[in-house]
>>> print(open('entry10.cif').read())   # mmCIF, C-alpha atoms, pLDDT in the B column; chains and numbers go by the auth columns
data_target
loop_
_atom_site.group_PDB
_atom_site.id
_atom_site.type_symbol
_atom_site.label_atom_id
_atom_site.label_comp_id
_atom_site.label_asym_id
_atom_site.label_seq_id
_atom_site.Cartn_x
_atom_site.Cartn_y
_atom_site.Cartn_z
_atom_site.B_iso_or_equiv
_atom_site.auth_seq_id
_atom_site.auth_asym_id
ATOM 1 C CA MET A 1 6.178 -4.035 -1.091 39.00 1 M
ATOM 2 C CA ASP A 2 6.948 -7.570 -2.102 41.00 2 M
ATOM 3 C CA VAL A 3 3.531 -9.214 -1.852 43.00 3 M
ATOM 4 C CA SER A 4 5.159 -12.655 -2.260 46.00 4 M
ATOM 5 C CA ASP A 5 6.632 -12.222 1.227 57.00 5 M
ATOM 6 C CA PRO A 6 4.278 -13.786 3.811 76.00 6 M
ATOM 7 C CA LEU A 7 2.476 -10.957 5.559 88.00 7 M
ATOM 8 C CA LYS A 8 3.181 -10.107 9.178 94.00 8 M
ATOM 9 C CA PHE A 9 0.608 -8.452 11.433 96.00 9 M
ATOM 10 C CA LEU A 10 1.022 -6.449 14.647 97.00 10 M
ATOM 11 C CA VAL A 11 -2.092 -6.119 16.820 97.00 11 M
ATOM 12 C CA VAL A 12 -1.856 -3.584 19.662 97.00 12 M
ATOM 13 C CA ASP A 13 -4.769 -3.271 22.086 97.00 13 M
ATOM 14 C CA PRO A 14 -5.086 -3.141 25.891 95.00 14 M
ATOM 15 C CA LEU A 15 -7.993 -5.622 25.737 93.00 15 M
ATOM 16 C CA ALA A 16 -6.883 -9.261 25.625 93.00 16 M
ATOM 17 C CA GLY A 17 -10.203 -10.168 23.992 91.00 17 M
ATOM 18 C CA VAL A 18 -9.500 -7.872 21.023 92.00 18 M
ATOM 19 C CA GLN A 19 -5.995 -9.326 20.629 94.00 19 M
ATOM 20 C CA SER A 20 -7.341 -12.887 20.786 93.00 20 M
ATOM 21 C CA PHE A 21 -10.151 -12.279 18.287 92.00 21 M
ATOM 22 C CA ALA A 22 -7.865 -10.481 15.824 93.00 22 M
ATOM 23 C CA ARG A 23 -5.362 -13.360 16.045 94.00 23 M
ATOM 24 C CA GLN A 24 -8.093 -15.953 15.370 93.00 24 M
ATOM 25 C CA LEU A 25 -9.494 -13.832 12.532 92.00 25 M
ATOM 26 C CA LEU A 26 -6.114 -13.589 10.798 92.00 26 M
ATOM 27 C CA GLN A 27 -5.494 -17.315 11.278 92.00 27 M
ATOM 28 C CA SER A 28 -8.856 -17.991 9.628 90.00 28 M
ATOM 29 C CA HIS A 29 -7.540 -16.061 6.600 86.00 29 M
ATOM 30 C CA GLY A 30 -4.659 -18.535 6.376 88.00 30 M
ATOM 31 C CA PHE A 31 -1.916 -16.584 8.149 91.00 31 M
ATOM 32 C CA ALA A 32 0.416 -18.591 10.404 92.00 32 M
ATOM 33 C CA LEU A 33 0.575 -17.846 14.121 93.00 33 M
ATOM 34 C CA ASP A 34 4.244 -16.826 13.900 94.00 34 M
ATOM 35 C CA ARG A 35 3.234 -14.044 11.460 95.00 35 M
ATOM 36 C CA ILE A 36 0.933 -12.429 14.064 96.00 36 M
ATOM 37 C CA LEU A 37 2.324 -10.453 17.012 97.00 37 M
ATOM 38 C CA CYS A 38 0.020 -9.097 19.739 97.00 38 M
ATOM 39 C CA CYS A 39 0.919 -6.436 22.326 97.00 39 M
ATOM 40 C CA ALA A 40 -1.069 -4.651 25.067 96.00 40 M
ATOM 41 C CA ASP A 41 0.604 -1.236 24.860 96.00 41 M
ATOM 42 C CA PRO A 42 2.341 0.887 22.206 96.00 42 M
ATOM 43 C CA GLU A 43 5.694 1.058 24.006 96.00 43 M
ATOM 44 C CA ALA A 44 6.097 -2.749 23.993 96.00 44 M
ATOM 45 C CA ALA A 45 4.746 -2.846 20.444 97.00 45 M
ATOM 46 C CA LEU A 46 7.418 -0.375 19.296 97.00 46 M
ATOM 47 C CA LEU A 47 10.277 -2.370 20.836 96.00 47 M
ATOM 48 C CA GLN A 48 9.070 -5.671 19.375 96.00 48 M
ATOM 49 C CA GLY A 49 7.736 -4.177 16.132 96.00 49 M
ATOM 50 C CA LEU A 50 11.087 -2.646 15.110 95.00 50 M
ATOM 51 C CA VAL A 51 12.497 -6.183 15.097 94.00 51 M
ATOM 52 C CA PHE A 52 9.349 -7.961 13.833 94.00 52 M
ATOM 53 C CA LYS A 53 8.785 -5.426 10.987 94.00 53 M
ATOM 54 C CA PRO A 54 5.058 -6.018 10.390 95.00 54 M
ATOM 55 C CA HIS A 55 3.344 -5.235 7.090 94.00 55 M
ATOM 56 C CA PHE A 56 0.010 -4.430 8.744 95.00 56 M
ATOM 57 C CA LEU A 57 -0.633 -2.607 12.056 97.00 57 M
ATOM 58 C CA ILE A 58 -3.999 -2.875 13.804 97.00 58 M
ATOM 59 C CA THR A 59 -3.829 -0.612 16.858 97.00 59 M
ATOM 60 C CA ASP A 60 -5.934 1.173 19.421 97.00 60 M
ATOM 61 C CA TRP A 61 -5.683 4.959 19.167 96.00 61 M
ATOM 62 C CA PHE A 62 -4.135 5.140 22.697 95.00 62 M
ATOM 63 C CA PRO A 63 -5.103 8.855 23.049 92.00 63 M
ATOM 64 C CA ARG A 64 -3.780 9.162 26.621 91.00 64 M
ATOM 65 C CA SER A 65 -0.583 7.194 26.127 92.00 65 M
ATOM 66 C CA ALA A 66 2.836 8.852 25.788 93.00 66 M
ATOM 67 C CA LEU A 67 3.000 7.054 22.439 95.00 67 M
ATOM 68 C CA SER A 68 -0.294 7.162 20.520 96.00 68 M
ATOM 69 C CA GLY A 69 -1.325 4.575 17.939 96.00 69 M
ATOM 70 C CA ILE A 70 -0.523 6.992 15.103 95.00 70 M
ATOM 71 C CA GLN A 71 2.879 7.856 16.604 96.00 71 M
ATOM 72 C CA LEU A 72 3.579 4.116 16.899 97.00 72 M
ATOM 73 C CA TYR A 73 2.734 3.750 13.201 97.00 73 M
ATOM 74 C CA GLN A 74 5.054 6.635 12.280 95.00 74 M
ATOM 75 C CA ARG A 75 7.960 5.102 14.233 96.00 75 M
ATOM 76 C CA LEU A 76 7.423 1.609 12.804 96.00 76 M
ATOM 77 C CA ARG A 77 7.279 2.977 9.271 94.00 77 M
ATOM 78 C CA GLU A 78 10.950 3.930 9.644 91.00 78 M
ATOM 79 C CA ALA A 79 11.738 0.199 9.721 89.00 79 M
ATOM 80 C CA GLN A 80 8.941 -0.885 7.341 91.00 80 M
ATOM 81 C CA PRO A 81 8.074 1.975 4.922 91.00 81 M
ATOM 82 C CA SER A 82 5.195 0.044 3.325 89.00 82 M
ATOM 83 C CA LEU A 83 3.441 -0.540 6.674 94.00 83 M
ATOM 84 C CA GLN A 84 -0.371 -0.387 6.475 94.00 84 M
ATOM 85 C CA LEU A 85 -2.356 1.222 9.321 95.00 85 M
ATOM 86 C CA SER A 86 -5.741 0.365 10.837 96.00 86 M
ATOM 87 C CA LEU A 87 -7.126 2.089 13.933 96.00 87 M
ATOM 88 C CA LEU A 88 -9.543 1.205 16.754 96.00 88 M
ATOM 89 C CA SER A 89 -10.936 3.899 19.066 94.00 89 M
ATOM 90 C CA PHE A 90 -13.689 4.474 21.633 93.00 90 M
ATOM 91 C CA GLU A 91 -13.948 8.073 20.420 92.00 91 M
ATOM 92 C CA VAL A 92 -14.391 8.785 16.715 91.00 92 M
ATOM 93 C CA THR A 93 -14.825 12.488 15.931 91.00 93 M
ATOM 94 C CA PRO A 94 -14.507 14.247 12.547 92.00 94 M
ATOM 95 C CA GLU A 95 -11.008 15.263 13.703 92.00 95 M
ATOM 96 C CA HIS A 96 -10.150 11.606 14.361 93.00 96 M
ATOM 97 C CA GLN A 97 -11.486 10.666 10.932 93.00 97 M
ATOM 98 C CA PHE A 98 -9.470 13.421 9.264 94.00 98 M
ATOM 99 C CA GLU A 99 -6.240 12.440 11.067 93.00 99 M
ATOM 100 C CA ALA A 100 -6.767 8.748 10.268 93.00 100 M
ATOM 101 C CA GLU A 101 -7.343 9.520 6.582 93.00 101 M
ATOM 102 C CA ALA A 102 -4.348 11.860 6.503 92.00 102 M
ATOM 103 C CA HIS A 103 -2.161 8.925 7.602 93.00 103 M
ATOM 104 C CA GLY A 104 -3.722 6.596 5.026 92.00 104 M
ATOM 105 C CA ALA A 105 -5.481 4.358 7.560 94.00 105 M
ATOM 106 C CA ARG A 106 -7.265 1.378 5.982 93.00 106 M
ATOM 107 C CA PHE A 107 -10.056 1.811 8.521 95.00 107 M
ATOM 108 C CA LEU A 108 -10.983 3.531 11.798 94.00 108 M
ATOM 109 C CA LEU A 109 -13.359 1.306 13.758 94.00 109 M
ATOM 110 C CA LYS A 110 -15.325 2.687 16.711 94.00 110 M
ATOM 111 C CA LYS A 111 -15.283 0.647 19.921 91.00 111 M
ATOM 112 C CA PRO A 112 -17.111 -1.336 21.085 89.00 112 M
ATOM 113 C CA PHE A 113 -17.432 -3.158 17.770 87.00 113 M
ATOM 114 C CA SER A 114 -18.797 -6.572 16.920 87.00 114 M
ATOM 115 C CA ALA A 115 -16.717 -9.495 15.725 85.00 115 M
ATOM 116 C CA GLU A 116 -18.494 -9.188 12.373 89.00 116 M
ATOM 117 C CA GLN A 117 -17.552 -5.508 12.010 93.00 117 M
ATOM 118 C CA LEU A 118 -13.841 -6.191 12.581 91.00 118 M
ATOM 119 C CA LYS A 119 -13.968 -9.226 10.307 91.00 119 M
ATOM 120 C CA ALA A 120 -15.581 -7.179 7.516 93.00 120 M
ATOM 121 C CA GLU A 121 -13.014 -4.364 7.788 93.00 121 M
ATOM 122 C CA VAL A 122 -9.980 -6.684 7.875 90.00 122 M
ATOM 123 C CA THR A 123 -11.320 -8.794 4.976 89.00 123 M
ATOM 124 C CA ARG A 124 -12.034 -5.659 2.907 90.00 124 M
ATOM 125 C CA SER A 125 -8.538 -4.306 3.601 89.00 125 M
ATOM 126 C CA LEU A 126 -6.825 -7.519 2.553 85.00 126 M
ATOM 127 C CA GLU A 127 -8.911 -7.737 -0.622 84.00 127 M
ATOM 128 C CA ALA A 128 -8.130 -4.099 -1.480 79.00 128 M
ATOM 129 C CA LEU A 129 -4.423 -4.827 -1.174 73.00 129 M
ATOM 130 C CA ALA A 130 -4.751 -7.848 -3.496 64.00 130 M
ATOM 131 C CA TRP A 131 -3.073 -10.145 -0.977 54.00 131 M
ATOM 132 C CA LYS A 132 -4.028 -13.798 -1.051 49.00 132 M
ATOM 133 C CA PRO A 133 -3.454 -16.154 1.880 49.00 133 M
ATOM 134 C CA PRO A 134 -1.722 -19.514 1.315 46.00 134 M
ATOM 135 C CA GLY A 135 -3.850 -22.299 -0.149 42.00 135 M
ATOM 136 C CA PRO A 136 -5.019 -25.293 1.945 41.00 136 M
ATOM 137 C CA GLN A 137 -1.943 -27.353 1.028 37.00 137 M
ATOM 138 C CA GLY A 138 0.369 -24.442 1.867 38.00 138 M
ATOM 139 C CA GLN A 139 1.281 -23.747 -1.722 39.00 139 M
ATOM 140 C CA ALA A 140 2.659 -20.313 -2.555 39.00 140 M
ATOM 141 C CA ARG A 141 0.155 -17.568 -3.128 42.00 141 M
ATOM 142 C CA ASP A 142 -0.348 -15.932 -6.456 41.00 142 M
ATOM 143 C CA ALA A 143 1.913 -12.931 -5.896 41.00 143 M
ATOM 144 C CA ARG A 144 1.052 -11.098 -9.093 41.00 144 M
ATOM 145 C CA PRO A 145 -0.392 -7.670 -8.296 41.00 145 M
ATOM 146 C CA ALA A 146 -3.824 -6.874 -9.664 42.00 146 M
ATOM 147 C CA ALA A 147 -3.704 -5.202 -13.070 41.00 147 M
ATOM 148 C CA ARG A 148 -4.310 -1.472 -12.800 41.00 148 M
ATOM 149 C CA PRO A 149 -5.754 0.624 -15.604 39.00 149 M
ATOM 150 C CA MET A 150 -3.521 3.376 -16.967 38.00 150 M
ATOM 151 C CA LEU A 151 -4.645 6.709 -15.531 38.00 151 M
ATOM 152 C CA PRO A 152 -3.996 10.181 -16.919 43.00 152 M
ATOM 153 C CA PRO A 153 -1.508 12.321 -14.941 48.00 153 M
ATOM 154 C CA GLN A 154 -3.245 13.605 -11.827 50.00 154 M
ATOM 155 C CA LEU A 155 -3.562 17.272 -10.930 62.00 155 M
ATOM 156 C CA ILE A 156 -1.225 18.231 -8.072 72.00 156 M
ATOM 157 C CA VAL A 157 -3.014 20.382 -5.491 71.00 157 M
ATOM 158 C CA LYS A 158 -1.658 21.894 -2.270 78.00 158 M
ATOM 159 C CA PRO A 159 -3.645 23.700 0.447 82.00 159 M
ATOM 160 C CA GLY A 160 -4.093 27.309 -0.668 86.00 160 M
ATOM 161 C CA ASP A 161 -4.015 26.519 -4.404 84.00 161 M
ATOM 162 C CA GLN A 162 -6.810 27.831 -6.622 87.00 162 M
ATOM 163 C CA VAL A 163 -8.752 25.248 -8.614 82.00 163 M
ATOM 164 C CA ARG A 164 -11.839 25.144 -10.821 86.00 164 M
ATOM 165 C CA PHE A 165 -14.839 23.030 -9.802 82.00 165 M
ATOM 166 C CA ASN A 166 -18.307 23.045 -11.392 81.00 166 M
ATOM 167 C CA GLY A 167 -17.342 26.141 -13.391 82.00 167 M
ATOM 168 C CA GLY A 168 -16.385 28.200 -10.344 85.00 168 M
ATOM 169 C CA LEU A 169 -13.043 29.252 -8.848 89.00 169 M
ATOM 170 C CA HIS A 170 -12.265 27.739 -5.423 87.00 170 M
ATOM 171 C CA VAL A 171 -9.391 27.540 -2.937 90.00 171 M
ATOM 172 C CA ALA A 172 -8.190 24.144 -1.680 84.00 172 M
ATOM 173 C CA GLN A 173 -8.267 24.016 2.122 84.00 173 M
ATOM 174 C CA HIS A 174 -7.304 20.389 2.899 79.00 174 M
ATOM 175 C CA VAL A 175 -5.760 17.706 0.687 76.00 175 M
ATOM 176 C CA VAL A 176 -6.071 14.091 1.880 74.00 176 M
ATOM 177 C CA HIS A 177 -4.345 11.131 0.259 65.00 177 M
ATOM 178 C CA ARG A 178 -6.618 8.142 0.842 62.00 178 M
ATOM 179 C CA ASN A 179 -5.925 4.603 -0.272 55.00 179 M
ATOM 180 C CA GLY A 180 -8.588 4.968 -2.947 57.00 180 M
ATOM 181 C CA GLY A 181 -7.124 8.231 -4.271 65.00 181 M
ATOM 182 C CA THR A 182 -6.725 11.892 -3.358 74.00 182 M
ATOM 183 C CA VAL A 183 -9.605 14.102 -2.202 78.00 183 M
ATOM 184 C CA VAL A 184 -9.712 17.847 -1.614 78.00 184 M
ATOM 185 C CA GLN A 185 -11.823 19.929 0.754 82.00 185 M
ATOM 186 C CA LEU A 186 -12.578 23.309 -0.795 85.00 186 M
ATOM 187 C CA LYS A 187 -12.769 26.401 1.406 87.00 187 M
ATOM 188 C CA GLY A 188 -16.326 26.967 2.584 85.00 188 M
ATOM 189 C CA GLN A 189 -17.456 23.416 1.753 82.00 189 M
ATOM 190 C CA SER A 190 -17.825 20.553 4.217 77.00 190 M
ATOM 191 C CA SER A 191 -17.530 17.639 1.788 77.00 191 M
ATOM 192 C CA PHE A 192 -14.430 16.309 0.047 79.00 192 M
ATOM 193 C CA VAL A 193 -14.123 16.345 -3.754 79.00 193 M
ATOM 194 C CA PRO A 194 -12.145 13.684 -5.682 79.00 194 M
ATOM 195 C CA ILE A 195 -9.118 15.381 -7.222 76.00 195 M
ATOM 196 C CA ASP A 196 -10.016 14.110 -10.702 74.00 196 M
ATOM 197 C CA LYS A 197 -13.140 16.335 -10.589 80.00 197 M
ATOM 198 C CA LEU A 198 -10.983 19.468 -10.278 77.00 198 M
ATOM 199 C CA LEU A 199 -9.340 21.536 -13.019 81.00 199 M
ATOM 200 C CA PRO A 200 -6.344 23.860 -12.753 79.00 200 M
ATOM 201 C CA ALA A 201 -7.284 27.511 -12.250 73.00 201 M
#
>>> encode(input="entry10.cif", output="structure tokens")
Amino acid sequence: MDVSDPLKFLVVDPLAGVQSFARQLLQSHGFALDRILCCADPEAALLQGLVFKPHFLITDWFPRSALSGIQLYQRLREAQPSLQLSLLSFEVTPEHQFEAEAHGARFLLKKPFSAEQLKAEVTRSLEALAWKPPGPQGQARDARPAARPMLPPQLIVKPGDQVRFNGGLHVAQHVVHRNGGTVVQLKGQSSFVPIDKLLPA
């Protein structure tokens, strides 16, 4: 992604209040109104989003819609491969969490949420992506990406692979690529283990 390109946001939620607050929140971060598109349903969001090509999608889960929030994200990624996903949902189960993480969601926020909760999540996401809004005089942002330390080659693990952890032999059950790195759920264990803690079998 070219971070020097002014970011565009697509907010999709049936509640006008959520759309309005998200728009005001993004404007307070320095993003212009024409870079923020709000829609009430995923079908309209898909039609407009394919043309608008947002960098960041904030959407309700829309579990009972013909087009869910995650399906909307998948379709929009065809036009904007670097699209970032954030989800809002009245129901947040471990399955929801797992699916959100599997799609690399920046956050999954349970409704109803407070203005402060949404503000904190959006601010954290923007900081993690090293994007800076325009300055007060509208000067260009510093588009240089944050320096990243050189990391050793990472172990590649697929579900069903055998790995070593804490001296024992285990089988990988789920592999999730999060924004902060890859984690693995080992068979018979409920928690996820960072992949850099595992060794090849």
>>> resolve_selection(input="entry10.cif", expression="the PyMOL selection byres ((chain M and resi 98) around 12)", output="NGL selection string")
:M and (92-97 or 99-105 or 107-108 or 174-178 or 183-185 or 191-192)
>>> closest_residue(input="entry10.cif", among="M:Leu87, M:Lys197, M:Phe56, M:Leu186", to="Gln162 of chain M", atoms="all atoms listed in the file")
M:Leu186
>>> closest_residue(input="entry10.cif", among="M:Glu78, M:Ile36, M:Trp61, M:Leu26", to="Ser125 of chain M", atoms="all atoms listed in the file")
M:Leu26
>>> closest_residue(input="entry10.cif", among="M:Leu67, M:Val18, M:Val171, M:Ala44", to="Leu88 of chain M", atoms="all atoms listed in the file")
M:Val18
>>> resolve_selection(input="entry10.cif", expression="the PyMOL selection byres ((chain M and resi 54) around 8)", output="list in words")
Leu7, Lys8, Phe9, Leu10, Gly49, Phe52, Lys53, His55, Phe56, Leu57, Gln80 and Leu83 of chain M
>>> residues_around(input="entry10.cif", residues="Leu50 of chain M", least_positions_apart="4", cutoff="8 Å", atoms="only C-alpha atoms", output="mmCIF file with C-alpha atoms, in the coordinates of the input")
data_model
loop_
_atom_site.group_PDB
_atom_site.id
_atom_site.type_symbol
_atom_site.label_atom_id
_atom_site.label_comp_id
_atom_site.auth_asym_id
_atom_site.auth_seq_id
_atom_site.Cartn_x
_atom_site.Cartn_y
_atom_site.Cartn_z
ATOM 1 C CA LEU M 46 7.418 -0.375 19.296
ATOM 2 C CA LEU M 76 7.423 1.609 12.804
ATOM 3 C CA ALA M 79 11.738 0.199 9.721
#
>>> atom_distance(input="entry10.cif", atom1="atom CA of Val11 of chain M", atom2="atom CA of Val51 of chain M")
14.7 Å
>>> atom_distance(input="entry10.cif", atom1="atom CA of Leu25 of chain M", atom2="atom CA of Val122 of chain M")
8.5 Å
>>> atom_distance(input="entry10.cif", atom1="atom CA of Leu47 of chain M", atom2="atom CA of Arg124 of chain M")
28.8 Å
>>> residues_around(input="entry10.cif", residues="Ala40 of chain M", least_positions_apart="2", cutoff="10 Å", atoms="all atoms listed in the file", output="ChimeraX atom specification")
/M:11-16,18-19,38,42-45,59-60
>>> resolve_selection(input="entry10.cif", expression="the PyMOL selection byres ((chain M and resi 161) around 9)", output="list of chain:residue names")
M:Val157, M:Lys158, M:Pro159, M:Gly160, M:Gln162, M:Val163, M:His170, M:Val171, M:Ala172, M:Gln173, M:Ala201
